[in-house]
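Undergrad: Next up is a structure, given as structure tokens.
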Amino acid sequence: MEIVVFGAGSLGSLVGGLLAREHDVTLVARETNARAVRESGLTLEGEAAGFPCNVSPAATTDETGLEADLAVVTVKSFDTAAAADALATGSFDVVCSLQNGMGNEETLAARLEAPILAATATYGAILREPGVVACTGVGEVVLGARDGGPAAAADRAGEAFTAAGIETTVADDMPRRLWEKLAVNAGINPVTALSRTENGAILEADAIDLSRAAARETARVARACDVGLSNREALAALESVASETAANTSSMHQDVRAERHTEIDAINGYVVDRAAERGLEVPTNRVLTSLVRTWERELDLR
């Protein structure tokens, strides 16, 4: 299958590299990473079976006029609209959002004619240097139709991921799964970013109450949006992910450490916005959102 991975940072490079073991992959990346991949290939390090290894996907910085059977979008949520506009200049049979936060699929669907899939990933990834990406935790990819239900496009994409050795589940309940992931991210990302700790720290005293409160609030908003996610399910997912990825650095923590704009608006900020629309109070998510936004403003990142 011909696959474009649009936004080959940490996760995009890892997923693209794994897919390149079986498919014809093109990475759309920043100049330094694209140049390193063109010159020396992409080195995959870390915990996955068969690592370390080197693969040779194509790599480009030109975002326009691309064509493929499948586009996998891995850009930050605040870049989704720009990515959709660039993808609209090309041709794709299917587009799959593999991103943090909520609202990405709607943004893609508003600009693209191809079927839009939603996906989540529990792999940990860090781009060590241009052309070298480390898998810091082996997980799985779950994908499916963005509105739920069966979809032939999801089946084809799932087969492509599985053929490349990626543990993959094709799901017919993606709305619930997306909200569950949002609850996990709402509880882990800002707490680890603000405290400069790894994921496992949210299971300790003080932090666990804060993270659980953010996850419970997210589940309550999900139910108000007609998505069946119980508090128990949200808390179980939060603690499972934190335990399984205890040594990992969350994406928001990576962004704060590198003094980059974060995805707070699409994570805790999304919870705050949806709650306000429905007259709900989400004080923990509101405080976490305000603190991260304050840090961003201090560094002129927003």
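Every chain in the structure tokens has a letter given in the order shown (A, B, ...), and although residue numbers restart at 1 in each chain, ligands are simply numbered from 1 in the order shown.
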Using DSSP on the backbone, list every residue of range 55-230 of chain A that comes out as alpha helix (DSSP H), and give them as an MDAnalysis selection string.

TA: chainID A and resid 80:87 104:111 152:163 174:195 207:224

Undergrad: Could you save the residues just selected, with C-alpha atoms, as a PDB file, in the first residue's frame?

TA:
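Printed below is again.pdb as written:
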ATOM      1  CA  THR A  80      -4.678  20.105  11.696  1.00  0.00           C
ATOM      2  CA  ALA A  81      -6.405  22.795   9.637  1.00  0.00           C
ATOM      3  CA  ALA A  82      -3.201  23.643   7.771  1.00  0.00           C
ATOM      4  CA  ALA A  83      -2.507  19.943   7.209  1.00  0.00           C
ATOM      5  CA  ALA A  84      -6.016  19.456   5.824  1.00  0.00           C
ATOM      6  CA  ASP A  85      -5.565  22.345   3.402  1.00  0.00           C
ATOM      7  CA  ALA A  86      -2.289  20.856   2.176  1.00  0.00           C
ATOM      8  CA  LEU A  87      -3.766  17.368   1.853  1.00  0.00           C
ATOM      9  CA  ASN A 104      -9.246  16.759  14.509  1.00  0.00           C
ATOM     10  CA  GLU A 105     -11.483  14.442  12.506  1.00  0.00           C
ATOM     11  CA  GLU A 106     -14.135  17.124  12.071  1.00  0.00           C
ATOM     12  CA  THR A 107     -11.511  19.582  10.834  1.00  0.00           C
ATOM     13  CA  LEU A 108     -10.222  17.077   8.276  1.00  0.00           C
ATOM     14  CA  ALA A 109     -13.719  16.088   7.138  1.00  0.00           C
ATOM     15  CA  ALA A 110     -14.680  19.719   6.534  1.00  0.00           C
ATOM     16  CA  ARG A 111     -11.837  20.151   4.039  1.00  0.00           C
ATOM     17  CA  ALA A 152     -14.584  -0.981   4.773  1.00  0.00           C
ATOM     18  CA  ALA A 153     -11.964   1.789   4.750  1.00  0.00           C
ATOM     19  CA  ALA A 154     -11.141   1.016   8.388  1.00  0.00           C
ATOM     20  CA  ASP A 155     -10.777  -2.680   7.600  1.00  0.00           C
ATOM     21  CA  ARG A 156      -8.312  -1.923   4.786  1.00  0.00           C
ATOM     22  CA  ALA A 157      -6.277   0.429   6.943  1.00  0.00           C
ATOM     23  CA  GLY A 158      -6.256  -2.083   9.787  1.00  0.00           C
ATOM     24  CA  GLU A 159      -4.957  -4.788   7.464  1.00  0.00           C
ATOM     25  CA  ALA A 160      -2.152  -2.473   6.322  1.00  0.00           C
ATOM     26  CA  PHE A 161      -1.092  -1.690   9.897  1.00  0.00           C
ATOM     27  CA  THR A 162      -1.259  -5.341  10.913  1.00  0.00           C
ATOM     28  CA  ALA A 163       0.788  -6.438   7.892  1.00  0.00           C
ATOM     29  CA  MET A 174     -14.395   5.164  18.090  1.00  0.00           C
ATOM     30  CA  PRO A 175     -16.370   8.055  19.641  1.00  0.00           C
ATOM     31  CA  ARG A 176     -16.238   6.335  23.037  1.00  0.00           C
ATOM     32  CA  ARG A 177     -12.591   5.387  22.563  1.00  0.00           C
ATOM     33  CA  LEU A 178     -11.648   8.948  21.625  1.00  0.00           C
ATOM     34  CA  TRP A 179     -13.321  10.317  24.744  1.00  0.00           C
ATOM     35  CA  GLU A 180     -11.633   7.652  26.863  1.00  0.00           C
ATOM     36  CA  LYS A 181      -8.260   8.671  25.433  1.00  0.00           C
ATOM     37  CA  LEU A 182      -9.172  12.306  26.085  1.00  0.00           C
ATOM     38  CA  ALA A 183      -9.856  11.451  29.737  1.00  0.00           C
ATOM     39  CA  VAL A 184      -6.444   9.770  29.957  1.00  0.00           C
ATOM     40  CA  ASN A 185      -4.656  12.688  28.313  1.00  0.00           C
ATOM     41  CA  ALA A 186      -6.551  15.224  30.419  1.00  0.00           C
ATOM     42  CA  GLY A 187      -5.322  13.480  33.550  1.00  0.00           C
ATOM     43  CA  ILE A 188      -1.731  12.796  32.492  1.00  0.00           C
ATOM     44  CA  ASN A 189      -0.501  15.460  30.075  1.00  0.00           C
ATOM     45  CA  PRO A 190      -0.902  18.772  31.934  1.00  0.00           C
ATOM     46  CA  VAL A 191      -0.017  17.302  35.331  1.00  0.00           C
ATOM     47  CA  THR A 192       3.248  15.800  34.055  1.00  0.00           C
ATOM     48  CA  ALA A 193       4.008  18.907  31.985  1.00  0.00           C
ATOM     49  CA  LEU A 194       3.506  21.333  34.861  1.00  0.00           C
ATOM     50  CA  SER A 195       5.365  19.168  37.390  1.00  0.00           C
ATOM     51  CA  ALA A 207      -1.005  14.008  41.786  1.00  0.00           C
ATOM     52  CA  ILE A 208      -3.390  11.057  41.626  1.00  0.00           C
ATOM     53  CA  ASP A 209      -6.309  13.029  43.089  1.00  0.00           C
ATOM     54  CA  LEU A 210      -5.764  15.820  40.567  1.00  0.00           C
ATOM     55  CA  SER A 211      -5.489  13.447  37.609  1.00  0.00           C
ATOM     56  CA  ARG A 212      -8.519  11.427  38.670  1.00  0.00           C
ATOM     57  CA  ALA A 213     -10.598  14.593  39.015  1.00  0.00           C
ATOM     58  CA  ALA A 214      -9.675  15.677  35.474  1.00  0.00           C
ATOM     59  CA  ALA A 215     -10.562  12.243  34.087  1.00  0.00           C
ATOM     60  CA  ARG A 216     -13.904  12.087  35.954  1.00  0.00           C
ATOM     61  CA  GLU A 217     -14.883  15.530  34.681  1.00  0.00           C
ATOM     62  CA  THR A 218     -14.020  14.454  31.135  1.00  0.00           C
ATOM     63  CA  ALA A 219     -16.199  11.351  31.417  1.00  0.00           C
ATOM     64  CA  ARG A 220     -19.094  13.467  32.683  1.00  0.00           C
ATOM     65  CA  VAL A 221     -18.804  15.782  29.680  1.00  0.00           C
ATOM     66  CA  ALA A 222     -18.606  12.766  27.353  1.00  0.00           C
ATOM     67  CA  ARG A 223     -21.920  11.506  28.722  1.00  0.00           C
ATOM     68  CA  ALA A 224     -23.429  14.952  28.209  1.00  0.00           C
TER      69      ALA A 224
END

Undergrad: Applying 10 Å and only C-alpha atoms, which residues near Arg35 in chain A remain after dropping the ones on its own chain fewer than 4 positions away? List them as a short mmCIF file (atom, residue, chain, number, x, y, z; two decimals) with C-alpha atoms, in the first residue's frame.

TA:
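And here's selection-v5.cif as it stands now:
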data_model
loop_
_atom_site.label_atom_id
_atom_site.label_comp_id
_atom_site.auth_asym_id
_atom_site.auth_seq_id
_atom_site.Cartn_x
_atom_site.Cartn_y
_atom_site.Cartn_z
CA ALA A 29 8.65 16.06 7.87
CA ARG A 30 10.65 19.10 8.87
CA GLU A 31 13.73 19.77 6.76
CA GLU A 39 20.56 10.56 3.22
CA SER A 40 20.80 7.69 5.71
CA GLY A 41 17.33 6.17 6.14
CA ALA A 59 10.87 11.84 2.90
CA THR A 60 9.81 15.30 1.81
CA THR A 61 9.08 18.77 3.13
CA PRO A 130 17.01 13.77 12.89
CA GLY A 131 16.66 10.33 11.33
#

Undergrad: Can you list, as number ranges by chain, every residue of range 121-268 of chain A that DSSP puts in strand (DSSP E)?

TA: A: 121, 124-129, 132-137, 141-145, 168-170

Undergrad: So, counting only C-alpha atoms, which residue among A:Ile166, A:Ala151, A:Ala34, A:Met1 is closest to Ala48 in chain A?

TA: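 That would be A:Ile166, the residue with the smallest distance to Ala48 in chain A.
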
Undergrad: Produce a table with one row for each residue of range 45-129 of chain A that has an atom at most 10 Å from any atom of range 243-247 of chain A, each row naming the nearest atom pair and its distance in Å at one decimal; use only C-alpha atoms; arrange rows by chain and rising residue number; format as JSON lines.

TA:
{"residue": "A:Thr122", "atom": "CA", "partner": "A:Thr245", "partner_atom": "CA", "distance": 8.7}
{"residue": "A:Tyr123", "atom": "CA", "partner": "A:Thr245", "partner_atom": "CA", "distance": 8.9}
{"residue": "A:Gly124", "atom": "CA", "partner": "A:Thr245", "partner_atom": "CA", "distance": 7.6}

Undergrad: Put those residues in a file: C-alpha atoms, as a PDB file, in the first residue's frame.

TA:
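Final output, again_36.pdb:
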ATOM      1  CA  THR A 122      -0.444   3.814  22.897  1.00  0.00           C
ATOM      2  CA  TYR A 123       3.085   3.591  21.529  1.00  0.00           C
ATOM      3  CA  GLY A 124       5.638   5.838  23.204  1.00  0.00           C
TER       4      GLY A 124
END
